[in-house]
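Chemist: Input my_file_38.cif, format and content: mmCIF, C-alpha atoms.
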data_model
#
loop_
_atom_site.group_PDB
_atom_site.id
_atom_site.type_symbol
_atom_site.label_atom_id
_atom_site.label_comp_id
_atom_site.auth_asym_id
_atom_site.auth_seq_id
_atom_site.Cartn_x
_atom_site.Cartn_y
_atom_site.Cartn_z
ATOM 1 C CA MET B 7 -26.930 -12.310 -137.411
ATOM 2 C CA ASP B 8 -25.729 -9.251 -135.473
ATOM 3 C CA ARG B 9 -22.116 -10.283 -136.062
ATOM 4 C CA VAL B 10 -22.531 -10.131 -139.845
ATOM 5 C CA GLY B 11 -24.772 -7.073 -139.835
ATOM 6 C CA GLY B 12 -27.947 -9.050 -140.441
ATOM 7 C CA VAL B 13 -31.403 -9.040 -138.918
ATOM 8 C CA GLY B 14 -32.752 -12.203 -137.296
ATOM 9 C CA LEU B 15 -36.433 -13.073 -137.326
ATOM 10 C CA PRO B 16 -37.217 -16.416 -135.628
ATOM 11 C CA LEU B 17 -40.297 -17.920 -137.268
ATOM 12 C CA ASP B 18 -42.203 -21.173 -137.522
ATOM 13 C CA LEU B 19 -42.716 -21.523 -141.273
ATOM 14 C CA THR B 20 -45.722 -23.783 -140.787
ATOM 15 C CA VAL B 21 -47.789 -21.099 -139.014
ATOM 16 C CA GLU B 22 -50.494 -19.431 -141.061
ATOM 17 C CA GLY B 23 -49.630 -15.864 -142.039
ATOM 18 C CA VAL B 24 -45.864 -16.234 -141.585
ATOM 19 C CA GLU B 25 -45.333 -15.020 -145.158
ATOM 20 C CA GLU B 26 -46.742 -11.613 -144.252
ATOM 21 C CA ARG B 27 -44.144 -11.193 -141.516
ATOM 22 C CA LEU B 28 -41.412 -12.008 -144.001
ATOM 23 C CA LYS B 29 -42.800 -9.458 -146.439
ATOM 24 C CA GLU B 30 -42.869 -6.825 -143.696
ATOM 25 C CA LEU B 31 -39.204 -7.531 -142.918
ATOM 26 C CA VAL B 32 -38.212 -7.202 -146.578
ATOM 27 C CA ARG B 33 -40.113 -3.945 -146.964
ATOM 28 C CA LYS B 34 -38.354 -2.580 -143.878
ATOM 29 C CA GLU B 35 -34.835 -3.933 -144.313
ATOM 30 C CA GLY B 36 -34.538 -4.756 -148.022
ATOM 31 C CA ASN B 37 -32.885 -2.674 -150.712
ATOM 32 C CA GLY B 38 -35.816 -0.586 -151.880
ATOM 33 C CA GLY B 39 -38.166 -3.092 -150.266
ATOM 34 C CA LYS B 40 -36.967 -5.905 -152.525
ATOM 35 C CA ILE B 41 -34.507 -8.781 -152.367
ATOM 36 C CA ASP B 42 -31.509 -9.801 -154.438
ATOM 37 C CA CYS B 43 -31.278 -13.402 -153.218
ATOM 38 C CA LEU B 44 -33.826 -15.775 -151.696
ATOM 39 C CA VAL B 45 -32.272 -18.898 -150.149
ATOM 40 C CA HIS B 46 -34.703 -21.569 -148.952
ATOM 41 C CA ASN B 47 -32.598 -23.272 -146.309
ATOM 42 C CA ALA B 48 -35.152 -24.413 -143.718
ATOM 43 C CA GLY B 49 -35.237 -28.187 -143.423
ATOM 44 C CA LEU B 50 -36.573 -30.916 -141.164
ATOM 45 C CA ALA B 51 -36.073 -34.680 -140.922
ATOM 46 C CA LYS B 52 -38.389 -37.169 -139.200
ATOM 47 C CA ASP B 53 -36.870 -40.504 -140.153
ATOM 48 C CA LYS B 54 -38.793 -43.764 -139.901
ATOM 49 C CA THR B 55 -39.705 -46.541 -142.258
ATOM 50 C CA LEU B 56 -42.900 -45.686 -144.100
ATOM 51 C CA ARG B 57 -44.723 -48.551 -142.349
ATOM 52 C CA ARG B 58 -43.962 -47.014 -138.951
ATOM 53 C CA MET B 59 -44.307 -43.371 -139.921
ATOM 54 C CA THR B 60 -47.390 -41.533 -138.720
ATOM 55 C CA PRO B 61 -49.276 -39.170 -141.035
ATOM 56 C CA GLU B 62 -48.268 -36.299 -138.731
ATOM 57 C CA GLN B 63 -44.557 -37.129 -139.102
ATOM 58 C CA PHE B 64 -44.906 -37.316 -142.863
ATOM 59 C CA HIS B 65 -46.811 -34.052 -143.229
ATOM 60 C CA GLN B 66 -44.658 -32.085 -140.789
ATOM 61 C CA VAL B 67 -41.621 -32.649 -143.007
ATOM 62 C CA VAL B 68 -43.608 -31.787 -146.135
ATOM 63 C CA LYS B 69 -44.854 -28.537 -144.566
ATOM 64 C CA VAL B 70 -41.365 -27.307 -143.676
ATOM 65 C CA ASN B 71 -39.302 -28.656 -146.569
ATOM 66 C CA LEU B 72 -41.705 -28.076 -149.443
ATOM 67 C CA GLU B 73 -44.935 -26.242 -148.662
ATOM 68 C CA ALA B 74 -43.103 -23.358 -146.964
ATOM 69 C CA VAL B 75 -41.019 -22.836 -150.112
ATOM 70 C CA LEU B 76 -44.097 -22.717 -152.330
ATOM 71 C CA ASN B 77 -46.004 -20.436 -149.957
ATOM 72 C CA ILE B 78 -43.146 -17.959 -149.550
ATOM 73 C CA ASN B 79 -42.508 -17.804 -153.288
ATOM 74 C CA LYS B 80 -46.200 -17.201 -153.881
ATOM 75 C CA ALA B 81 -46.291 -14.432 -151.279
ATOM 76 C CA PHE B 82 -43.241 -12.827 -152.903
ATOM 77 C CA GLY B 83 -44.906 -12.866 -156.335
ATOM 78 C CA LEU B 84 -42.754 -15.703 -157.680
ATOM 79 C CA ALA B 85 -45.298 -18.510 -158.134
ATOM 80 C CA TYR B 86 -45.774 -18.201 -161.873
ATOM 81 C CA GLN B 87 -48.294 -20.318 -163.737
ATOM 82 C CA ASP B 88 -48.098 -21.583 -167.261
ATOM 83 C CA GLU B 89 -49.456 -19.096 -169.798
ATOM 84 C CA GLN B 90 -52.087 -21.627 -170.881
ATOM 85 C CA GLU B 91 -53.461 -21.563 -167.330
ATOM 86 C CA GLY B 92 -54.127 -17.858 -167.407
ATOM 87 C CA GLY B 93 -50.788 -16.164 -166.840
ATOM 88 C CA ALA B 94 -49.371 -14.961 -163.563
ATOM 89 C CA ASN B 95 -50.749 -15.941 -160.211
ATOM 90 C CA GLY B 96 -52.425 -12.628 -159.598
ATOM 91 C CA GLN B 97 -49.704 -11.227 -157.359
ATOM 92 C CA ASP B 98 -49.407 -7.448 -157.839
ATOM 93 C CA GLU B 99 -46.180 -7.091 -155.866
ATOM 94 C CA GLU B 100 -42.971 -8.790 -156.974
ATOM 95 C CA PHE B 101 -40.166 -8.787 -154.431
ATOM 96 C CA LEU B 102 -37.239 -10.067 -156.511
ATOM 97 C CA ASN B 103 -34.898 -7.522 -158.074
ATOM 98 C CA PRO B 104 -33.685 -7.885 -161.696
ATOM 99 C CA GLY B 105 -30.820 -10.363 -161.731
ATOM 100 C CA GLY B 106 -32.260 -11.897 -158.571
ATOM 101 C CA ARG B 107 -31.406 -15.384 -157.378
ATOM 102 C CA ILE B 108 -33.514 -18.148 -155.833
ATOM 103 C CA VAL B 109 -31.585 -21.032 -154.254
ATOM 104 C CA LEU B 110 -33.202 -24.224 -152.924
ATOM 105 C CA LEU B 111 -31.501 -26.689 -150.583
ATOM 106 C CA SER B 112 -32.216 -30.184 -151.894
ATOM 107 C CA SER B 113 -30.211 -33.339 -151.066
ATOM 108 C CA ILE B 114 -28.566 -36.310 -152.736
ATOM 109 C CA ASN B 115 -31.248 -38.346 -150.975
ATOM 110 C CA GLY B 116 -33.708 -36.454 -153.131
ATOM 111 C CA ILE B 117 -31.841 -37.848 -156.135
ATOM 112 C CA ALA B 118 -31.483 -41.446 -154.994
ATOM 113 C CA GLY B 119 -33.891 -41.804 -152.065
ATOM 114 C CA ALA B 120 -32.896 -43.231 -148.691
ATOM 115 C CA PHE B 121 -34.154 -45.971 -146.410
ATOM 116 C CA GLY B 122 -36.312 -44.519 -143.667
ATOM 117 C CA GLN B 123 -36.514 -41.114 -145.356
ATOM 118 C CA THR B 124 -39.521 -41.414 -147.645
ATOM 119 C CA ASN B 125 -40.916 -38.053 -146.543
ATOM 120 C CA TYR B 126 -37.559 -36.257 -146.564
ATOM 121 C CA SER B 127 -36.468 -37.684 -149.923
ATOM 122 C CA PHE B 128 -39.822 -36.848 -151.493
ATOM 123 C CA THR B 129 -39.566 -33.192 -150.495
ATOM 124 C CA LYS B 130 -35.956 -32.846 -151.625
ATOM 125 C CA ALA B 131 -36.688 -34.466 -154.996
ATOM 126 C CA ALA B 132 -39.616 -32.076 -155.397
ATOM 127 C CA LEU B 133 -37.327 -29.076 -154.854
ATOM 128 C CA SER B 134 -34.979 -30.150 -157.647
ATOM 129 C CA SER B 135 -37.928 -30.678 -159.979
ATOM 130 C CA TYR B 136 -39.402 -27.350 -158.932
ATOM 131 C CA ALA B 137 -36.179 -25.526 -159.845
ATOM 132 C CA GLN B 138 -36.089 -27.237 -163.237
ATOM 133 C CA SER B 139 -39.740 -26.442 -163.941
ATOM 134 C CA LEU B 140 -39.727 -22.838 -162.741
ATOM 135 C CA ALA B 141 -36.454 -21.793 -164.414
ATOM 136 C CA PRO B 142 -37.769 -21.277 -167.979
ATOM 137 C CA ILE B 143 -40.907 -19.520 -166.697
ATOM 138 C CA LEU B 144 -38.829 -17.258 -164.455
ATOM 139 C CA ALA B 145 -36.563 -16.461 -167.405
ATOM 140 C CA SER B 146 -39.440 -15.450 -169.653
ATOM 141 C CA ARG B 147 -41.788 -13.792 -167.179
ATOM 142 C CA GLY B 148 -39.809 -12.929 -164.072
ATOM 143 C CA PRO B 149 -37.447 -10.034 -163.354
ATOM 144 C CA SER B 150 -34.750 -9.727 -166.015
ATOM 145 C CA GLY B 151 -31.792 -12.052 -165.495
ATOM 146 C CA SER B 152 -33.303 -13.949 -162.580
ATOM 147 C CA THR B 153 -32.347 -17.577 -161.926
ATOM 148 C CA ILE B 154 -33.384 -20.478 -159.722
ATOM 149 C CA ASN B 155 -31.162 -23.429 -158.830
ATOM 150 C CA ALA B 156 -30.978 -26.192 -156.241
ATOM 151 C CA ILE B 157 -28.084 -27.651 -154.264
ATOM 152 C CA ALA B 158 -27.893 -31.327 -153.312
ATOM 153 C CA PRO B 159 -25.501 -31.806 -150.381
ATOM 154 C CA GLY B 160 -24.240 -35.187 -149.317
ATOM 155 C CA PHE B 161 -23.646 -36.031 -145.656
ATOM 156 C CA ILE B 162 -22.946 -32.705 -143.915
ATOM 157 C CA GLU B 163 -21.825 -32.383 -140.297
ATOM 158 C CA THR B 164 -24.665 -30.384 -138.735
ATOM 159 C CA ASP B 165 -26.731 -30.474 -135.556
ATOM 160 C CA MET B 166 -29.454 -32.289 -137.499
ATOM 161 C CA THR B 167 -27.179 -35.054 -138.810
ATOM 162 C CA GLN B 168 -25.657 -35.588 -135.360
ATOM 163 C CA SER B 169 -28.947 -37.235 -134.376
ATOM 164 C CA ILE B 170 -28.418 -39.946 -136.995
ATOM 165 C CA PRO B 171 -27.419 -43.346 -135.535
ATOM 166 C CA ALA B 172 -23.670 -44.001 -135.381
ATOM 167 C CA LEU B 173 -23.716 -46.511 -138.259
ATOM 168 C CA GLY B 174 -25.536 -44.063 -140.505
ATOM 169 C CA LYS B 175 -22.991 -41.333 -139.778
ATOM 170 C CA PHE B 176 -20.129 -43.760 -140.406
ATOM 171 C CA LEU B 177 -21.540 -44.788 -143.785
ATOM 172 C CA GLY B 178 -22.319 -41.190 -144.714
ATOM 173 C CA ARG B 179 -18.725 -40.173 -144.068
ATOM 174 C CA ARG B 180 -17.240 -43.231 -145.802
ATOM 175 C CA ALA B 181 -19.333 -42.572 -148.926
ATOM 176 C CA ASN B 182 -17.447 -39.295 -149.357
ATOM 177 C CA ALA B 183 -14.318 -39.627 -151.509
ATOM 178 C CA PHE B 184 -12.376 -37.979 -148.671
ATOM 179 C CA SER B 185 -13.887 -40.346 -146.057
ATOM 180 C CA GLN B 186 -15.270 -37.446 -144.070
ATOM 181 C CA GLY B 187 -18.481 -35.517 -143.701
ATOM 182 C CA GLY B 188 -18.892 -32.236 -145.497
ATOM 183 C CA LEU B 189 -19.092 -28.920 -143.676
ATOM 184 C CA ALA B 190 -21.775 -26.257 -143.709
ATOM 185 C CA ASP B 191 -19.157 -23.917 -145.207
ATOM 186 C CA ASP B 192 -18.889 -26.221 -148.240
ATOM 187 C CA VAL B 193 -22.578 -25.708 -148.959
ATOM 188 C CA ALA B 194 -22.499 -22.012 -148.099
ATOM 189 C CA ALA B 195 -19.744 -21.428 -150.655
ATOM 190 C CA VAL B 196 -21.921 -22.883 -153.419
ATOM 191 C CA VAL B 197 -24.903 -20.822 -152.238
ATOM 192 C CA ALA B 198 -22.690 -17.719 -152.442
ATOM 193 C CA PHE B 199 -21.625 -18.646 -155.992
ATOM 194 C CA LEU B 200 -25.216 -19.131 -157.125
ATOM 195 C CA CYS B 201 -26.094 -15.725 -155.665
ATOM 196 C CA CYS B 202 -23.328 -13.835 -157.465
ATOM 197 C CA ASP B 203 -23.320 -12.311 -160.951
ATOM 198 C CA GLY B 204 -20.976 -14.995 -162.275
ATOM 199 C CA SER B 205 -23.658 -17.681 -161.975
ATOM 200 C CA GLY B 206 -26.112 -15.921 -164.309
ATOM 201 C CA GLY B 207 -25.680 -18.558 -167.012
ATOM 202 C CA MET B 208 -27.066 -21.307 -164.775
ATOM 203 C CA SER B 209 -30.729 -21.866 -163.996
ATOM 204 C CA GLY B 210 -32.888 -24.901 -163.331
ATOM 205 C CA GLN B 211 -29.866 -26.949 -162.254
ATOM 206 C CA THR B 212 -29.181 -29.099 -159.195
ATOM 207 C CA LEU B 213 -25.550 -28.937 -158.061
ATOM 208 C CA ARG B 214 -24.208 -31.803 -155.987
ATOM 209 C CA VAL B 215 -22.014 -30.874 -153.015
ATOM 210 C CA CYS B 216 -21.201 -34.378 -151.897
ATOM 211 C CA GLY B 217 -17.485 -35.120 -152.156
ATOM 212 C CA LEU B 218 -17.971 -37.505 -155.107
ATOM 213 C CA ASN B 219 -20.534 -39.511 -153.159
ATOM 214 C CA ALA B 220 -21.662 -42.441 -155.284
ATOM 215 C CA VAL B 221 -25.272 -42.162 -154.157
ATOM 216 C CA GLY B 222 -27.526 -41.370 -157.099
ATOM 217 C CA LYS B 223 -24.829 -41.802 -159.724
#
Represent the structure from my file as structure tokens, please.
Modeler:
Amino acid sequence: MDRVGGVGLPLDLTVEGVEERLKELVRKEGNGGKIDCLVHNAGLAKDKTLRRMTPEQFHQVVKVNLEAVLNINKAFGLAYQDEQEGGANGQDEEFLNPGGRIVLLSSINGIAGAFGQTNYSFTKAALSSYAQSLAPILASRGPSGSTINAIAPGFIETDMTQSIPALGKFLGRRANAFSQGGLADDVAAVVAFLCCDGSGGMSGQTLRVCGLNAVGK
């Protein structure tokens, strides 16, 4: 973070009250105490067949991949309710600037599911649905010009995917049209696009970054 002029704040997103620390950071470091882009990139995998998965393994993935997103958005004044349910969520402070961007990291396994990833696939599917559901409400009631979109990467070469068994990595790479795993830079480039002014016409979408992977087609 120092190399790119950023500020690092190591946090466990499952700890109660973590949202307040994030808000303090934004107030201190943000442009006028607000943010232009909010990228939900934290993710966790605890792969097992559902029959062998413990409740703790299931819920730990849900807490990081899904609940943390909902809690942070709520803390930042972005958890809008339907007008028929009484309007906004009661948040007085809204942290997103006009033209702001929210980006969620989903997965192609959230589109098609995956053996041994019931918890992971559930959370990633929920993020895509969340983006689709929140987009029209954000457009009508959020800061002017704000958008929310999700990205669904295929097999990406990361520290997390290196723990996948050799056969799984082989199949993940072979499913790519280029017979190779994607890179974090491939995903980062799409995040950067969704955060720029030129993406303002897109909201509620899930963009696949998968090298023409056939999964979910």
Chemist: Using only C-alpha atoms, which of B:Gly116, B:Gly187, B:Gly12, B:Gly23 sits nearest B:Gly174?
Modeler: B:Gly187
Chemist: Using only C-alpha atoms, determine which residues lie at most 6 Å from B:Ser209, disregarding the query and same-chain residues fewer than 5 positions distant; provide the list as number ranges by chain.
Modeler: B: 141, 153-155
Chemist: What would the selection look like, as a ChimeraX atom specification, if the PyMOL selection byres ((chain B and resi 144) around 10) were run on the coordinates I just shared?
Modeler: /B:84-87,137,139-143,145-154,209-210
Chemist: Using the chain letters and numbers from this file, what does the PyMOL selection byres ((chain B and resi 16) around 12) select? Give the answer as a PyMOL selection string.
Modeler: chain B and resi 7+13-15+17-19+24+27-28+31+48
Chemist: Taking all atoms of stretch 99-105 of chain B that the file lists and extending 6 Å past them on each side, where is the centre of the axis-aligned box and how long are its edges? Answer in Å to one decimal, as lines of an AutoDock Vina configuration file.
Modeler:
center_x = -38.5
center_y = -8.7
center_z = -158.1
size_x = 27.4
size_y = 15.3
size_z = 19.3
Chemist: Could you write out as a list in words the residues that the PyMOL selection byres ((chain B and resi 51) around 8) matches in the shown file?
Modeler: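 Evaluating the PyMOL selection byres ((chain B and resi 51) around 8) on these coordinates yields Gly49, Leu50, Lys52, Asp53, Val67, Gln123, Tyr126 and Met166 of chain B.
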Chemist: Which residue out of B:Ser205, B:Val197, B:Thr164, B:Ala158 has the minimum interatomic distance to B:Leu218 when only C-alpha atoms are used?
Modeler: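 Comparing B:Ser205, B:Val197, B:Thr164, B:Ala158 against B:Leu218, the winner is B:Ala158.
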Chemist: Which residues are near B:Phe64? Cut-off 12 Å, only C-alpha atoms, ignore same chain within fewer than 2 positions. Put them as a PyMOL selection string.
Modeler: chain B and resi 50-62+66-72+122-129
Chemist: Atoms are missing here; could stretch 44-55 of chain B be completed with N, CA and C atoms and written as a PDB file, in the frame of the given file?
Modeler:
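New file rebuild_17.pdb:
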ATOM      1  N   LEU B  44     -32.903 -15.066-152.586  1.00  0.00           N
ATOM      2  CA  LEU B  44     -33.826 -15.775-151.696  1.00  0.00           C
ATOM      3  C   LEU B  44     -33.329 -17.215-151.575  1.00  0.00           C
ATOM      4  N   VAL B  45     -32.831 -17.565-150.390  1.00  0.00           N
ATOM      5  CA  VAL B  45     -32.272 -18.898-150.149  1.00  0.00           C
ATOM      6  C   VAL B  45     -33.217 -19.653-149.229  1.00  0.00           C
ATOM      7  N   HIS B  46     -33.796 -20.731-149.744  1.00  0.00           N
ATOM      8  CA  HIS B  46     -34.703 -21.569-148.952  1.00  0.00           C
ATOM      9  C   HIS B  46     -33.872 -22.656-148.268  1.00  0.00           C
ATOM     10  N   ASN B  47     -33.521 -22.405-147.021  1.00  0.00           N
ATOM     11  CA  ASN B  47     -32.598 -23.272-146.309  1.00  0.00           C
ATOM     12  C   ASN B  47     -33.256 -24.048-145.171  1.00  0.00           C
ATOM     13  N   ALA B  48     -34.497 -23.715-144.824  1.00  0.00           N
ATOM     14  CA  ALA B  48     -35.152 -24.413-143.718  1.00  0.00           C
ATOM     15  C   ALA B  48     -35.377 -25.879-144.074  1.00  0.00           C
ATOM     16  N   GLY B  49     -35.071 -26.763-143.152  1.00  0.00           N
ATOM     17  CA  GLY B  49     -35.237 -28.187-143.423  1.00  0.00           C
ATOM     18  C   GLY B  49     -35.494 -28.967-142.155  1.00  0.00           C
ATOM     19  N   LEU B  50     -36.189 -30.080-142.303  1.00  0.00           N
ATOM     20  CA  LEU B  50     -36.573 -30.916-141.164  1.00  0.00           C
ATOM     21  C   LEU B  50     -36.515 -32.375-141.587  1.00  0.00           C
ATOM     22  N   ALA B  51     -36.081 -33.233-140.683  1.00  0.00           N
ATOM     23  CA  ALA B  51     -36.073 -34.680-140.922  1.00  0.00           C
ATOM     24  C   ALA B  51     -36.806 -35.385-139.797  1.00  0.00           C
ATOM     25  N   LYS B  52     -37.688 -36.301-140.158  1.00  0.00           N
ATOM     26  CA  LYS B  52     -38.389 -37.169-139.200  1.00  0.00           C
ATOM     27  C   LYS B  52     -38.295 -38.583-139.762  1.00  0.00           C
ATOM     28  N   ASP B  53     -37.182 -39.248-139.485  1.00  0.00           N
ATOM     29  CA  ASP B  53     -36.870 -40.504-140.153  1.00  0.00           C
ATOM     30  C   ASP B  53     -37.536 -41.699-139.480  1.00  0.00           C
ATOM     31  N   LYS B  54     -38.238 -42.470-140.291  1.00  0.00           N
ATOM     32  CA  LYS B  54     -38.793 -43.764-139.901  1.00  0.00           C
ATOM     33  C   LYS B  54     -39.116 -44.509-141.189  1.00  0.00           C
ATOM     34  N   THR B  55     -39.211 -45.817-141.090  1.00  0.00           N
ATOM     35  CA  THR B  55     -39.705 -46.541-142.258  1.00  0.00           C
ATOM     36  C   THR B  55     -41.150 -46.125-142.506  1.00  0.00           C
TER      37      THR B  55
END
